[in-house]
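Right, one structure below, let's go through it.
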Amino acid sequence: VLEVITAEEAGFCFGVERAIDMVLKAAGENEDLNVYTLGPLIHNPQVVKKLEEKNVKVASSLAEIDSGIVIIRSHGVAPEIIEKAREKNLKIIDATCPYVKNAQKYASQLVDEGYQTFIYGDEDHPEVQGIYGASEKKAIIIREKQDLNSVELKARVGFVAQTTKSPESFRDIINLVITEVKELKVFNTICNTTDVRQSSARKLAEDVDIMFVIGGHNSANTTRLAEICAATNTPTYHIETAAEIKKEWLSGKNKVGITAGASTPDWLIREVVQLMNEENKDVNVESNENVEEKE
Ligand code: F3S
């Protein structure tokens with residue numbers, strides 16, 4: 001008998017859920033207009049496909065859009081992109097997560113106040129590009145604390161972080177800088193969703209015989225969750241859909257743990273829970289399906 005336990009925190013985060021609602025509303029209300037997201041709305045192929053069925057297309061840049069509605073995804077964009085969309089007379093729906101907006105606002109404020117401004121984050125990530133744009137491209141992006149070695153620190157230094165960075169590593173960087181400067185202004189722009197999900201996944205992985213981590217193979221946060229679960233030595237499978245599960249994985253296993261990235265919709269989680277319960281047909285299963293409770 002398989003006991004199926006879903007992590008307490010799994011699936012869509014607040015910002016992604018909000019963005020999806022905004023897109024669906026825009027598509028529903030504007031059937032006569034072209035609706036585009038600038039880049040895939042989230043790193044989940046199944047959701048992107050569902051949106052396509054509702055006539056929401058993905059544009060990789062504004063150059064591909066001549067008219068209609070452009071949706072800014074939860075990662076946000078640099079202000080110059082919004083400006084360009086305005087010049088093209090596009091209707092803009094800004095689904096930037098409010099937490100990301102804060103990071104943009106604070107980066108801009110630090111630059112205005114004359115601080116040498118740093119963004120702790122991955123330069124290639126669209127969120128960081130948006131925050132960098134908000135700093136009028138004046139901020140310095142550091143990916144790890146070693147990057148500080150090549151920078152001459154000024155007397156007044158300011159910091160923001162990519163929302164998905166780990167609090168520990170941000171603290172490390174701030175600890176390093178604090179005694180090297182006269183004044184340090186730090187905006188803690190880390191969103192605790194990532195941290196809470198990671199701890200909840202780790203805790204569950206330690207308690208089960210096998211872990212399924214559901215989410216896009218192209219989703220960085222899902223991949224990270226899978227790495228964290230695998231590090232507990234519990235066999236861990238990063239899957240996009242229930243169809244990828246092989247029966248032999250379950251052989252000899254009693255407790256199955258399930259978690260999902262911030263870009264994974266509830267229906268994909270539910271499909272996996274259902275498949276596990278089918279394995280238990282005719283048997284009384286103790287199953288904690290808090291995914292269903294959320295609805
Ligand atoms: Fe926003 Fe945090 Fe999600 S910043 S998009 S709620 S991970």
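Quick note on naming: the chains in the structure tokens go A, B, ... in the order shown, residues restart at 1 in each chain, and ligands are numbered from 1 in order of appearance.
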
Return as a ChimeraX atom specification the residues of protein, DNA or RNA that approach ligand 1 to within 9 Å, with only C-alpha atoms and all ligand atoms taken into account.
-> /A:12-19,73-75,96-101,162-164,189-194,221,262-263

Could I get the residues of segment 86-178 of chain A with an atom no further than 10 Å from an atom of segment 24-43 of chain A, each paired with its nearest atom pair and that distance in Å to one decimal, using only C-alpha atoms, sorted by chain and residue number, as a tab-separated table?
```
residue	atom	partner	partner_atom	distance
A:Lys91	CA	A:Val35	CA	9.4
A:Ile92	CA	A:Tyr36	CA	9.9
A:Ile93	CA	A:Ala26	CA	8.1
A:Ala95	CA	A:Leu41	CA	9.5
A:Pro126	CA	A:Gly39	CA	9.6
```

Considering only C-alpha atoms, return as a PyMOL selection string whatever protein or nucleic-acid residues lie within 8 Å of segment 106-112 of chain A, sequence-local ones (same chain, fewer than 5 positions apart) excluded.
-> chain A and resi 117+119+131-132+134-136+138-139+158-160+187

Can I get the selection written as a short mmCIF file (atom, residue, chain, number, x, y, z; two decimals), in the first residue's frame, with N, CA and C atoms?
```cif
data_model
loop_
_atom_site.label_atom_id
_atom_site.label_comp_id
_atom_site.auth_asym_id
_atom_site.auth_seq_id
_atom_site.Cartn_x
_atom_site.Cartn_y
_atom_site.Cartn_z
N THR A 117 25.11 50.83 -6.28
CA THR A 117 24.01 49.87 -6.12
C THR A 117 24.38 48.50 -6.67
N ILE A 119 23.01 44.44 -7.34
CA ILE A 119 21.92 43.46 -7.40
C ILE A 119 22.56 42.10 -7.21
N ILE A 131 15.31 44.36 -13.09
CA ILE A 131 15.76 45.17 -11.95
C ILE A 131 16.93 46.07 -12.39
N TYR A 132 17.80 45.49 -13.20
CA TYR A 132 18.95 46.23 -13.73
C TYR A 132 18.46 47.43 -14.56
N ALA A 134 15.64 48.91 -14.23
CA ALA A 134 15.04 49.88 -13.31
C ALA A 134 16.11 50.74 -12.63
N SER A 135 17.33 50.21 -12.55
CA SER A 135 18.43 50.98 -11.94
C SER A 135 19.09 51.88 -12.99
N GLU A 136 18.44 52.03 -14.12
CA GLU A 136 18.99 52.77 -15.27
C GLU A 136 20.31 52.15 -15.71
N LYS A 138 22.63 51.15 -13.99
CA LYS A 138 23.77 51.64 -13.21
C LYS A 138 24.20 50.65 -12.14
N ALA A 139 23.33 49.71 -11.82
CA ALA A 139 23.68 48.77 -10.75
C ALA A 139 24.74 47.78 -11.23
N GLY A 158 24.55 50.16 -1.63
CA GLY A 158 23.18 49.67 -1.46
C GLY A 158 23.00 48.31 -2.12
N PHE A 159 22.10 47.52 -1.58
CA PHE A 159 21.88 46.16 -2.10
C PHE A 159 20.41 45.83 -2.25
N VAL A 160 20.10 45.15 -3.34
CA VAL A 160 18.83 44.43 -3.44
C VAL A 160 19.18 43.02 -3.93
N PHE A 187 17.99 46.40 1.02
CA PHE A 187 16.57 46.06 0.94
C PHE A 187 16.48 44.55 0.79
#
```

Quick one: residues within 12 Å of Ala220 of chain A, only C-alpha atoms counted, chain neighbours fewer than 2 positions away excluded, as a list in words?
-> Ile42, His43, Asn44, Asp122, His125, Thr164, Lys165, Thr194, Gly215, Gly216, His217, Asn218, Thr222, Thr223, Arg224, Leu225, Ala226, Glu227, His238, Ala260, Gly261, Ala262, Ser263 and Thr264 of chain A

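Within the 10 Å cut-off around Glu123 of chain A, using only C-alpha atoms and omitting residues fewer than 4 positions from it on the same chain, the listed residues are A:Ile119, A:Glu127, A:Val128, A:Gln129, A:Tyr132, A:Ile140, A:Ile141, A:Ile142, A:Arg143, A:Gln162.
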
Here atom CA of Ala201 of chain A and atom CA of Met22 of chain A stand apart by 28.5 Å
